[in-house]
Structure formats: C-alpha cells, structure tokens
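Data from work.cif: mmCIF, C-alpha atoms
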```cif
data_coords
loop_
_atom_site.label_atom_id
_atom_site.label_comp_id
_atom_site.auth_asym_id
_atom_site.auth_seq_id
_atom_site.Cartn_x
_atom_site.Cartn_y
_atom_site.Cartn_z
CA MET A 1 122.42 137.43 128.64
CA SER A 2 124.13 134.22 127.58
CA LEU A 3 122.76 130.78 128.39
CA ASP A 4 125.48 130.04 130.99
CA ARG A 5 124.95 133.38 132.75
CA LYS A 6 121.22 132.69 132.91
CA ARG A 7 121.83 129.34 134.58
CA LEU A 8 124.39 130.83 137.03
CA SER A 9 121.87 133.52 137.94
CA ARG A 10 119.20 130.89 138.68
CA ILE A 11 121.66 128.91 140.83
CA GLY A 12 122.59 132.10 142.76
CA VAL A 13 118.93 132.86 143.47
CA ALA A 14 118.37 129.32 144.72
CA LEU A 15 121.39 129.45 147.07
CA THR A 16 120.23 132.79 148.47
CA ALA A 17 116.80 131.32 149.19
CA ILE A 18 118.36 128.41 151.05
CA ALA A 19 120.52 130.76 153.15
CA VAL A 20 117.57 132.97 154.10
CA THR A 21 114.90 130.35 154.82
CA GLY A 22 117.06 127.54 156.09
CA PHE A 23 115.37 124.86 154.02
CA VAL A 24 115.36 123.61 150.47
CA ALA A 25 112.18 124.30 148.53
CA ALA A 26 110.39 121.50 146.72
CA PRO A 27 112.28 120.87 143.47
CA VAL A 28 110.76 122.25 140.31
CA GLN A 29 110.83 120.26 137.07
CA ALA A 30 114.42 120.12 135.87
CA GLU A 31 115.19 122.01 132.70
CA PRO A 32 115.93 119.47 129.96
CA ASP A 33 119.53 119.08 128.87
CA ILE A 34 119.95 120.03 125.21
CA ASP A 35 122.14 117.01 124.36
CA ASP A 36 119.69 114.65 126.04
CA VAL A 37 116.77 116.22 124.17
CA GLN A 38 118.64 115.97 120.87
CA ALA A 39 119.29 112.26 121.43
CA LYS A 40 115.65 111.61 122.33
CA VAL A 41 114.33 113.65 119.40
CA ASP A 42 116.63 111.80 117.00
CA ARG A 43 115.41 108.47 118.38
CA LEU A 44 111.76 109.50 118.03
CA TYR A 45 112.35 110.75 114.48
CA HIS A 46 113.90 107.40 113.58
CA GLU A 47 111.10 105.41 115.22
CA ALA A 48 108.57 107.54 113.33
CA GLU A 49 110.46 106.89 110.10
CA GLN A 50 110.44 103.15 110.79
CA ALA A 51 106.67 103.33 111.24
CA GLN A 52 106.31 105.42 108.06
CA GLU A 53 108.37 102.99 105.98
CA SER A 54 106.30 100.12 107.40
CA TYR A 55 103.26 102.11 106.31
CA HIS A 56 104.66 102.37 102.78
CA GLU A 57 105.34 98.63 102.73
CA ALA A 58 101.83 97.82 103.95
CA ASN A 59 100.40 100.20 101.35
CA LEU A 60 102.27 98.39 98.57
CA LYS A 61 100.89 95.11 99.91
CA LEU A 62 97.39 96.58 99.91
CA GLU A 63 97.76 97.69 96.29
CA ALA A 64 98.93 94.19 95.29
CA LEU A 65 96.09 92.54 97.21
CA THR A 66 93.52 94.84 95.63
CA GLU A 67 94.86 94.06 92.15
CA ASP A 68 94.86 90.34 92.96
CA LEU A 69 91.30 90.61 94.21
CA SER A 70 90.18 92.18 90.92
CA SER A 71 91.85 89.34 89.03
CA LEU A 72 90.22 86.74 91.26
CA LYS A 73 86.81 88.31 90.79
CA ALA A 74 87.28 88.20 87.02
CA ASP A 75 88.34 84.53 87.27
CA GLU A 76 85.33 83.82 89.45
CA LYS A 77 83.00 85.44 86.91
CA ARG A 78 84.48 83.43 84.03
CA GLN A 79 84.33 80.26 86.10
CA ASP A 80 80.71 80.92 86.98
CA ALA A 81 79.90 81.30 83.27
CA ARG A 82 81.63 78.01 82.44
CA LEU A 83 79.75 76.28 85.24
CA GLU A 84 76.44 77.64 83.97
CA THR A 85 77.18 76.30 80.45
CA VAL A 86 77.90 72.82 81.81
CA ARG A 87 74.84 73.01 84.06
CA GLU A 88 72.62 73.67 81.03
CA GLN A 89 74.20 70.75 79.16
CA VAL A 90 73.56 68.41 82.09
CA GLN A 91 69.96 69.59 82.43
CA GLU A 92 69.41 69.05 78.70
CA SER A 93 70.77 65.51 78.82
CA ILE A 94 68.57 64.66 81.80
CA VAL A 95 65.48 65.99 79.99
CA ARG A 96 66.29 63.97 76.87
CA GLN A 97 66.71 60.82 78.95
CA TYR A 98 63.47 61.51 80.79
CA GLN A 99 61.65 61.94 77.46
CA GLY A 100 62.65 58.47 76.31
CA GLU A 101 66.01 58.72 74.63
CA GLY A 102 67.39 56.41 77.26
CA ILE A 103 65.23 53.26 76.55
CA SER A 104 66.65 50.20 78.30
CA THR A 105 68.69 47.78 76.21
CA VAL A 106 66.26 44.93 77.12
CA GLY A 107 63.35 46.92 75.70
CA GLN A 108 65.32 47.55 72.53
CA VAL A 109 66.00 43.80 72.15
CA VAL A 110 62.24 43.18 72.27
CA VAL A 111 61.29 45.84 69.72
CA SER A 112 64.25 45.47 67.41
CA GLU A 113 63.60 43.61 64.15
CA ASP A 114 67.14 44.09 62.88
CA PRO A 115 69.98 42.88 65.13
CA SER A 116 72.47 45.03 63.26
CA ALA A 117 70.36 48.10 63.83
CA PHE A 118 70.06 47.19 67.50
CA LEU A 119 73.85 46.94 67.86
CA GLY A 120 74.15 50.38 66.27
CA GLN A 121 71.61 51.79 68.71
CA LEU A 122 73.39 50.11 71.61
CA SER A 123 76.65 51.70 70.53
CA THR A 124 74.93 55.08 70.29
CA MET A 125 73.44 54.69 73.78
CA SER A 126 76.79 53.69 75.19
CA ALA A 127 78.36 56.80 73.69
CA PHE A 128 75.47 58.90 75.05
CA ASN A 129 75.91 57.48 78.54
CA ASP A 130 79.65 58.10 78.37
CA LEU A 131 78.96 61.67 77.29
CA GLN A 132 76.50 62.09 80.14
CA SER A 133 79.03 60.74 82.60
CA ASP A 134 81.65 63.16 81.24
CA LEU A 135 79.20 66.02 81.63
CA PHE A 136 78.63 65.22 85.29
CA ASP A 137 82.39 64.92 85.87
CA THR A 138 82.94 68.27 84.15
CA PHE A 139 80.18 69.87 86.19
CA SER A 140 81.76 68.59 89.41
CA THR A 141 85.22 69.85 88.39
CA GLU A 142 83.96 73.29 87.37
CA ALA A 143 81.92 73.63 90.58
CA GLU A 144 84.98 72.74 92.66
CA ALA A 145 87.09 75.26 90.73
CA LEU A 146 84.50 77.96 91.40
CA ASP A 147 84.53 77.18 95.13
CA ILE A 148 88.32 77.51 95.15
CA ARG A 149 88.14 80.93 93.48
CA ARG A 150 85.42 82.11 95.84
CA GLU A 151 87.48 81.04 98.85
CA ALA A 152 90.54 82.84 97.46
CA THR A 153 88.41 85.97 97.01
CA ARG A 154 87.21 85.76 100.62
CA GLU A 155 90.81 85.38 101.80
CA ARG A 156 91.90 88.47 99.84
CA HIS A 157 89.05 90.48 101.34
CA ALA A 158 90.22 89.46 104.83
CA GLU A 159 93.85 90.32 104.04
CA ILE A 160 92.84 93.70 102.69
CA GLN A 161 90.90 94.43 105.87
CA GLU A 162 93.86 93.38 108.02
CA THR A 163 96.32 95.46 105.98
CA THR A 164 94.04 98.51 106.11
CA GLU A 165 93.97 98.25 109.91
CA GLU A 166 97.77 97.92 109.93
CA LEU A 167 98.06 101.09 107.85
CA SER A 168 95.94 102.96 110.37
CA GLU A 169 98.09 101.73 113.25
CA ARG A 170 101.32 102.73 111.49
CA LYS A 171 99.93 106.20 110.74
CA ASP A 172 98.93 106.66 114.38
CA GLU A 173 102.41 105.56 115.47
CA VAL A 174 104.10 108.09 113.17
CA GLU A 175 101.93 110.90 114.48
CA ALA A 176 102.50 109.89 118.12
CA LYS A 177 106.29 109.79 117.74
CA LEU A 178 106.34 113.14 115.96
CA ALA A 179 104.10 114.70 118.61
CA GLU A 180 106.43 113.42 121.36
CA ALA A 181 109.44 114.90 119.57
CA LYS A 182 107.67 118.26 119.28
CA ARG A 183 106.73 118.10 122.97
CA LEU A 184 110.36 117.57 123.94
CA LEU A 185 111.46 120.46 121.76
CA GLY A 186 108.71 122.59 123.26
CA ARG A 187 110.18 122.13 126.76
CA LEU A 188 113.39 123.85 125.71
CA GLU A 189 113.71 127.57 126.10
CA ALA A 190 113.48 129.39 122.79
CA GLU A 191 117.21 130.17 122.70
CA GLU A 192 118.21 126.54 123.29
CA ARG A 193 115.65 125.24 120.79
CA GLU A 194 116.93 127.59 118.09
CA ARG A 195 120.50 126.49 118.78
CA LEU A 196 119.57 122.80 118.58
CA LEU A 197 117.68 123.16 115.30
CA ALA A 198 120.42 125.35 113.86
CA SER A 199 123.09 122.81 114.77
CA ARG A 200 121.08 120.04 113.11
CA SER A 201 120.67 122.05 109.90
CA ALA A 202 124.31 123.10 109.91
CA GLY A 203 125.34 119.46 110.28
CA SER A 204 124.93 118.95 106.56
CA THR A 205 128.22 118.17 104.83
CA ARG A 206 129.41 120.79 102.35
CA LEU A 207 127.92 120.15 98.92
CA PRO A 208 130.33 118.79 96.34
CA ALA A 209 131.07 121.08 93.39
CA SER A 210 130.16 118.30 90.93
CA VAL A 211 129.16 114.66 90.96
CA PRO A 212 130.88 112.27 88.51
CA ALA A 213 127.82 110.51 87.13
CA SER A 214 126.58 109.73 83.64
CA GLY A 215 123.48 108.45 81.87
CA ARG A 216 120.34 107.88 83.91
CA ALA A 217 122.31 107.96 87.17
CA ALA A 218 123.35 111.54 86.40
CA ILE A 219 119.69 112.56 86.02
CA ALA A 220 118.76 110.84 89.29
CA VAL A 221 121.63 112.47 91.19
CA LYS A 222 120.90 115.91 89.74
CA THR A 223 117.22 115.60 90.70
CA ALA A 224 118.02 114.51 94.25
CA MET A 225 120.66 117.20 94.76
CA ALA A 226 118.23 119.88 93.58
CA GLN A 227 116.09 119.12 96.65
CA VAL A 228 118.84 119.79 99.24
CA GLY A 229 117.41 122.19 101.80
CA ASP A 230 113.82 121.04 101.29
CA ALA A 231 111.74 119.95 104.25
CA TYR A 232 111.31 116.39 105.50
CA VAL A 233 107.67 115.34 105.87
CA TYR A 234 106.64 111.76 106.64
CA GLY A 235 105.00 110.19 103.60
CA ALA A 236 105.87 113.08 101.27
CA ALA A 237 107.20 112.70 97.72
CA GLY A 238 107.61 116.30 96.59
CA PRO A 239 107.50 118.77 95.18
CA SER A 240 108.97 120.69 98.15
CA ALA A 241 108.89 118.11 100.98
CA TRP A 242 110.12 114.53 101.09
CA ASP A 243 110.65 111.42 103.12
CA CYS A 244 113.66 109.20 102.42
CA SER A 245 112.11 106.74 99.97
CA GLY A 246 109.94 109.45 98.39
CA LEU A 247 113.08 111.39 97.42
CA THR A 248 114.87 108.42 95.87
CA MET A 249 111.69 107.25 94.11
CA VAL A 250 111.12 110.64 92.44
CA ALA A 251 114.82 111.14 91.64
CA TRP A 252 115.11 107.83 89.80
CA GLY A 253 111.63 108.34 88.33
CA ALA A 254 112.97 111.46 86.60
CA ALA A 255 115.52 109.15 84.97
CA GLY A 256 112.79 106.80 83.75
CA VAL A 257 113.24 104.11 86.41
CA GLY A 258 110.19 103.21 88.50
CA LEU A 259 110.74 102.50 92.19
CA PRO A 260 108.23 101.73 94.95
CA HIS A 261 107.68 104.24 97.75
CA SER A 262 109.31 102.07 100.41
CA SER A 263 112.94 101.75 101.47
CA SER A 264 112.71 98.01 102.10
CA ALA A 265 111.00 97.47 98.73
CA GLN A 266 113.62 99.61 96.97
CA PHE A 267 116.30 97.32 98.40
CA SER A 268 114.84 94.63 96.13
CA SER A 269 114.64 96.94 93.09
CA GLY A 270 118.09 96.72 91.61
CA THR A 271 121.41 94.91 91.42
CA ARG A 272 123.22 94.53 94.73
CA VAL A 273 126.60 96.28 94.90
CA SER A 274 129.31 96.14 97.55
CA GLN A 275 130.35 99.26 99.41
CA ASP A 276 133.70 99.13 97.59
CA ASP A 277 131.93 99.37 94.21
CA LEU A 278 129.55 102.23 95.00
CA GLN A 279 128.87 104.62 92.11
CA PRO A 280 126.89 107.89 92.04
CA GLY A 281 123.18 107.13 91.82
CA ASP A 282 123.39 103.88 93.80
CA LEU A 283 120.87 103.60 96.62
CA VAL A 284 122.31 103.00 100.08
CA PHE A 285 120.23 101.46 102.89
CA TYR A 286 120.37 101.72 106.65
CA TYR A 287 119.21 100.06 109.88
CA SER A 288 117.91 96.56 110.48
CA PRO A 289 115.18 96.05 109.52
CA ILE A 290 115.76 98.50 106.66
CA SER A 291 113.98 101.81 107.34
CA HIS A 292 116.09 104.49 105.61
CA VAL A 293 117.56 105.04 102.16
CA GLY A 294 119.86 107.63 100.63
CA MET A 295 121.58 108.14 97.26
CA TYR A 296 125.32 107.83 96.87
CA ILE A 297 126.89 110.87 95.15
CA GLY A 298 130.58 109.94 95.29
CA ASN A 299 133.50 110.84 97.59
CA GLY A 300 131.97 108.88 100.47
CA LEU A 301 128.81 111.03 100.54
CA ILE A 302 125.06 110.52 100.20
CA VAL A 303 122.16 112.87 99.65
CA HIS A 304 119.06 111.92 101.62
CA ALA A 305 115.91 113.18 103.29
CA ALA A 306 117.19 112.85 106.83
CA ASN A 307 114.43 113.78 109.30
CA PRO A 308 112.04 116.64 110.16
CA GLY A 309 114.79 118.51 112.00
CA ALA A 310 117.34 118.40 109.18
CA GLY A 311 115.41 118.04 105.92
CA VAL A 312 117.18 116.99 102.72
CA LYS A 313 120.94 117.13 103.19
CA VAL A 314 124.31 115.63 102.29
CA ASP A 315 126.00 113.30 104.79
CA SER A 316 128.75 110.73 105.04
CA VAL A 317 127.76 107.36 103.61
CA PHE A 318 128.52 105.76 106.98
CA SER A 319 126.75 108.34 109.14
CA MET A 320 124.12 105.69 109.96
CA PRO A 321 124.18 101.90 110.44
CA TYR A 322 124.95 100.71 106.90
CA VAL A 323 123.12 97.63 105.53
CA GLY A 324 123.83 97.50 101.78
CA ALA A 325 123.35 99.14 98.40
CA VAL A 326 121.66 98.50 95.06
CA ARG A 327 122.02 99.96 91.57
CA PRO A 328 118.58 100.72 90.04
CA GLY A 329 117.85 100.34 86.37
#
```
Hey, can you dump this file as structure tokens for me?
Amino acid sequence: MSLDRKRLSRIGVALTAIAVTGFVAAPVQAEPDIDDVQAKVDRLYHEAEQAQESYHEANLKLEALTEDLSSLKADEKRQDARLETVREQVQESIVRQYQGEGISTVGQVVVSEDPSAFLGQLSTMSAFNDLQSDLFDTFSTEAEALDIRREATRERHAEIQETTEELSERKDEVEAKLAEAKRLLGRLEAEERERLLASRSAGSTRLPASVPASGRAAIAVKTAMAQVGDAYVYGAAGPSAWDCSGLTMVAWGAAGVGLPHSSSAQFSSGTRVSQDDLQPGDLVFYYSPISHVGMYIGNGLIVHAANPGAGVKVDSVFSMPYVGAVRPG
C-alpha cells in the first residue's frame, strides 16, 4: 500500500468513528511531516557540526597551551638554576665580609704604614663593594624573572583546565544534537525514513569524469574524490569515515601539506582566493562563524563530507552559505 493510500485509510477510519460515536476522540500525536523532519534534522546536523568544529579548535588551543607550558617549565627550571648560582655568589660574598675582608676604611688608615698601599686597598674594597652591590641587583632581577615564569606557568595550567572543560561541553553538545536528530528520524515510519535517507544520498551531484588539476592539488583532489560515498562521523579523519575538516586535512596531507583538523583554522592555512579565481584543490568555507569546509574540484563543484545523512559527496560550490576560499601550500 502506498504512503498516500495509508494516510487516506487512516482518515477514513477516523471519519467513520466520528459518525458512529458522535464525538471526536482525543487527538493522538500527529505523525511528523517528512519535509519538516528533514529541515529539523539538517539543522541539528549543522549545529552538531558547529560544535564539533569548535571542539577541534579548542583541541588545537589545548595542544598549543600544553606545548607552551612545557616551554615555560623548561624556562622556569633554567631560571631557577641561574638564581641558585647568584644566590651562592651572594652568600659567599657575605661570608667573606663577615670574616674580615670588609675592614672599615678608618681602621685601614690606622694600621696602614704605606699610604700608597692603603689607596690600593681602598680601591680594591670599592671594587668589591660595587661587585657585591651588582650581585644583589642580579639576585633581585633573577628572582623577579623566576616569579614571572612561575606566574605564566600557573596561568597556562588554568587555561588548560578551562579548555579541557570546554572540550567536554562541545563533545556533549555534539552527542545531544545527534541524538535529537536520530530521535526525529525514529518517529518516522520505516517507509518514510528510508525515502528521506535515500533522497539525501541521491542528492549528490553526478561525479565529474575528470578534474583538471596538477601538482600537489591533483593529489589532494584525487584523495578526496576517492572517499565519495564514505560515511560522515563527527571527529573522524579516515580511513572510511570523515568529518569536513578531517577529509580536507587528510587529502592535502597526502600531497605533503599539513593542515589542522579544524575548518576555521584551515581558513588561515593558505592564500586567500576570490570565488572568481577558484582552482581545483582550493578549500572553500561556509557559514559564519566558519563551521564547514569542502574542496573545490572545478565546474562549480566541491567534494565534501556533508553530514551523517549524506556522507562524503559532490555538491554545488554555492549549496551552502559561502564565506571564502584559500589555496593551501
């Protein structure tokens, strides 16, 4: 029985019940409209992708903070060693002075039999006192520098904690959006659900016979195109499932160009190009703030990891809100 005949049958049964009983029964939960569900699922997929790309960005920040923390700790250790060296020099000078090397100039006048010798001693004492003063100044400077490094280390620890909590929140948001999308799909009857998912998969633009690319761009395009039909999984970067920035990162990685696993970070990883100058291999970015990336393959088309319902596919370059493009390498 077709979908329309099923619905007509349900309407007929309801009208018969009204005619027989004379009243309208309490309404049951309305069956979701397939177009409305598709719009909501698409929105949830996009919101989940935004959260996932924010997760990638926060993860890159965490990696940078962790590296910076290691550097700061090394600086702090070196600074502590320098401070200890100066501390020993200061202690030594104080001991020497306490043991009599710092006799007052008046006492030296009394005991000195040779004025020339006394002047030489006075000069030596003056130099010693200057050296001692320099030592204390150096000690103070090194101690202050160590405090600065320790404070910077404490700040990095706090930032790492904050970023780790942000990562957890983003991950929870991705999972919640995806669960809501699955719940909406679950409310559809099996026949409608299959039709919706089939229409989303069939929405992929026909693959071009060839892509006019050369050099490293040709390798990147070939790698990306080889994944068409693979699944979309949030946070994935192969070998058989991808998210948007994971696909472009691995594709350009095969060509020897390193990219971060984040669409917004990839937007800063190349030379900006206008939409009129797009060439195969260029990365094209969407939404504001940026939360999706695809790869231009020529003839107004991109290959991209679209969403969990469509996987990796080919689409029009302007099938989503266009922001800009960059040329990696």
Residue by residue, what does the PyMOL selection byres ((chain A and resi 249-253) around 9) grab here? Present the result as a PDB file with C-alpha atoms, in the frame of the given file.
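New file out_28.pdb:
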```
ATOM      1  CA  ARG A 216     120.340 107.880  83.910  1.00  0.00           C
ATOM      2  CA  ALA A 217     122.310 107.960  87.170  1.00  0.00           C
ATOM      3  CA  ILE A 219     119.690 112.560  86.020  1.00  0.00           C
ATOM      4  CA  ALA A 220     118.760 110.840  89.290  1.00  0.00           C
ATOM      5  CA  VAL A 221     121.630 112.470  91.190  1.00  0.00           C
ATOM      6  CA  LYS A 222     120.900 115.910  89.740  1.00  0.00           C
ATOM      7  CA  THR A 223     117.220 115.600  90.700  1.00  0.00           C
ATOM      8  CA  ALA A 224     118.020 114.510  94.250  1.00  0.00           C
ATOM      9  CA  MET A 225     120.660 117.200  94.760  1.00  0.00           C
ATOM     10  CA  ALA A 237     107.200 112.700  97.720  1.00  0.00           C
ATOM     11  CA  GLY A 238     107.610 116.300  96.590  1.00  0.00           C
ATOM     12  CA  CYS A 244     113.660 109.200 102.420  1.00  0.00           C
ATOM     13  CA  SER A 245     112.110 106.740  99.970  1.00  0.00           C
ATOM     14  CA  GLY A 246     109.940 109.450  98.390  1.00  0.00           C
ATOM     15  CA  LEU A 247     113.080 111.390  97.420  1.00  0.00           C
ATOM     16  CA  THR A 248     114.870 108.420  95.870  1.00  0.00           C
ATOM     17  CA  ALA A 254     112.970 111.460  86.600  1.00  0.00           C
ATOM     18  CA  ALA A 255     115.520 109.150  84.970  1.00  0.00           C
ATOM     19  CA  GLY A 256     112.790 106.800  83.750  1.00  0.00           C
ATOM     20  CA  VAL A 257     113.240 104.110  86.410  1.00  0.00           C
ATOM     21  CA  GLY A 258     110.190 103.210  88.500  1.00  0.00           C
ATOM     22  CA  LEU A 259     110.740 102.500  92.190  1.00  0.00           C
ATOM     23  CA  PRO A 260     108.230 101.730  94.950  1.00  0.00           C
ATOM     24  CA  HIS A 261     107.680 104.240  97.750  1.00  0.00           C
ATOM     25  CA  SER A 262     109.310 102.070 100.410  1.00  0.00           C
ATOM     26  CA  GLN A 266     113.620  99.610  96.970  1.00  0.00           C
ATOM     27  CA  GLY A 281     123.180 107.130  91.820  1.00  0.00           C
ATOM     28  CA  PRO A 328     118.580 100.720  90.040  1.00  0.00           C
ATOM     29  CA  GLY A 329     117.850 100.340  86.370  1.00  0.00           C
TER      30      GLY A 329
END
```
- Query: Can you list, as a list in words, every protein, DNA or RNA residue that comes within 9 Å of Lys77 in chain A when you count all atoms listed in the file, leaving out same-chain residues fewer than 5 positions away?
  - Reply: Leu72, Arg82 and Leu146 of chain A
- Query: From the list A:Ala179, A:Tyr296, A:Leu60, A:Asp243, which residue is nearest Thr164 in chain A when using all atoms listed in the file?
  - Reply: A:Leu60
To test the calculation: enclose all listed atoms of range 228-240 of chain A in a box whose edges run along x, y and z, add 4 Å on each side, then state centre and edge lengths in Å to one decimal, as lines of an AutoDock Vina configuration file.
```
center_x = 111.9
center_y = 116.2
center_z = 100.9
size_x = 21.8
size_y = 20.0
size_z = 19.5
```
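Shortest atom-to-atom contact with Ser214 in chain A among A:Gln279, A:Ser268, A:Gln52, A:Gln161: A:Gln279, counting all atoms listed in the file.
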- Item | Contact residues around Glu162 in chain A with all atoms listed in the file at 12 Å, ignoring same-chain residues under 4 positions, as a ChimeraX atom specification | /A:58-59,61-62,65,155-158,166-169
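Nearest residue to Thr153 in chain A, choosing from A:Asp80, A:Glu88, A:Asp75, A:Glu165 and counting all atoms listed in the file: A:Asp75.
Shortest separation to Arg170 in chain A among A:Asp137, A:Asp42, A:Asp36, A:Glu53 occurs at residue A:Glu53, atoms counted being only C-alpha atoms.
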- Message: Quick one: residues within 9 Å of Val211 in chain A, all atoms listed in the file, excluding same-chain residues fewer than 6 positions away - as a count of residues only?
- Response: 7
- Please provide the set of residues having any atom within 10 Å of Asn307 in chain A, restricted to all atoms listed in the file, with same-chain residues fewer than 5 positions apart removed, written as a VMD selection string. chain A and resid 42 45 to 46 48 to 49 200 231 to 234 242 to 244 312 to 313
Give me, as a Markdown table, the closest atom pair and its distance (Å, one decimal) for every residue of range 37-70 of chain A within a cut-off of 8 Å of range 181-188 of chain A, counting all atoms listed in the file, rows sorted by chain and rising number.
```
| residue | atom | partner | partner_atom | distance |
| --- | --- | --- | --- | --- |
| A:Val37 | CA | A:Leu184 | CA | 6.6 |
| A:Lys40 | CA | A:Ala181 | CA | 7.6 |
| A:Val41 | CA | A:Ala181 | CA | 5.1 |
| A:Leu44 | CA | A:Ala181 | CA | 6.1 |
| A:Tyr45 | CA | A:Ala181 | CA | 7.2 |
```
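One distance worth recording is that between CA of Thr271 in chain A and CA of Val323 in chain A, which is 14.5 Å.
You will find CA of Leu283 in chain A at 10.5 Å from CA of Val317 in chain A.
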- Decode the PyMOL selection byres ((chain A and resi 230) around 6) for the given file into explicit residues and return them as a PyMOL selection string. chain A and resi 227-229+231+240-241+311-312
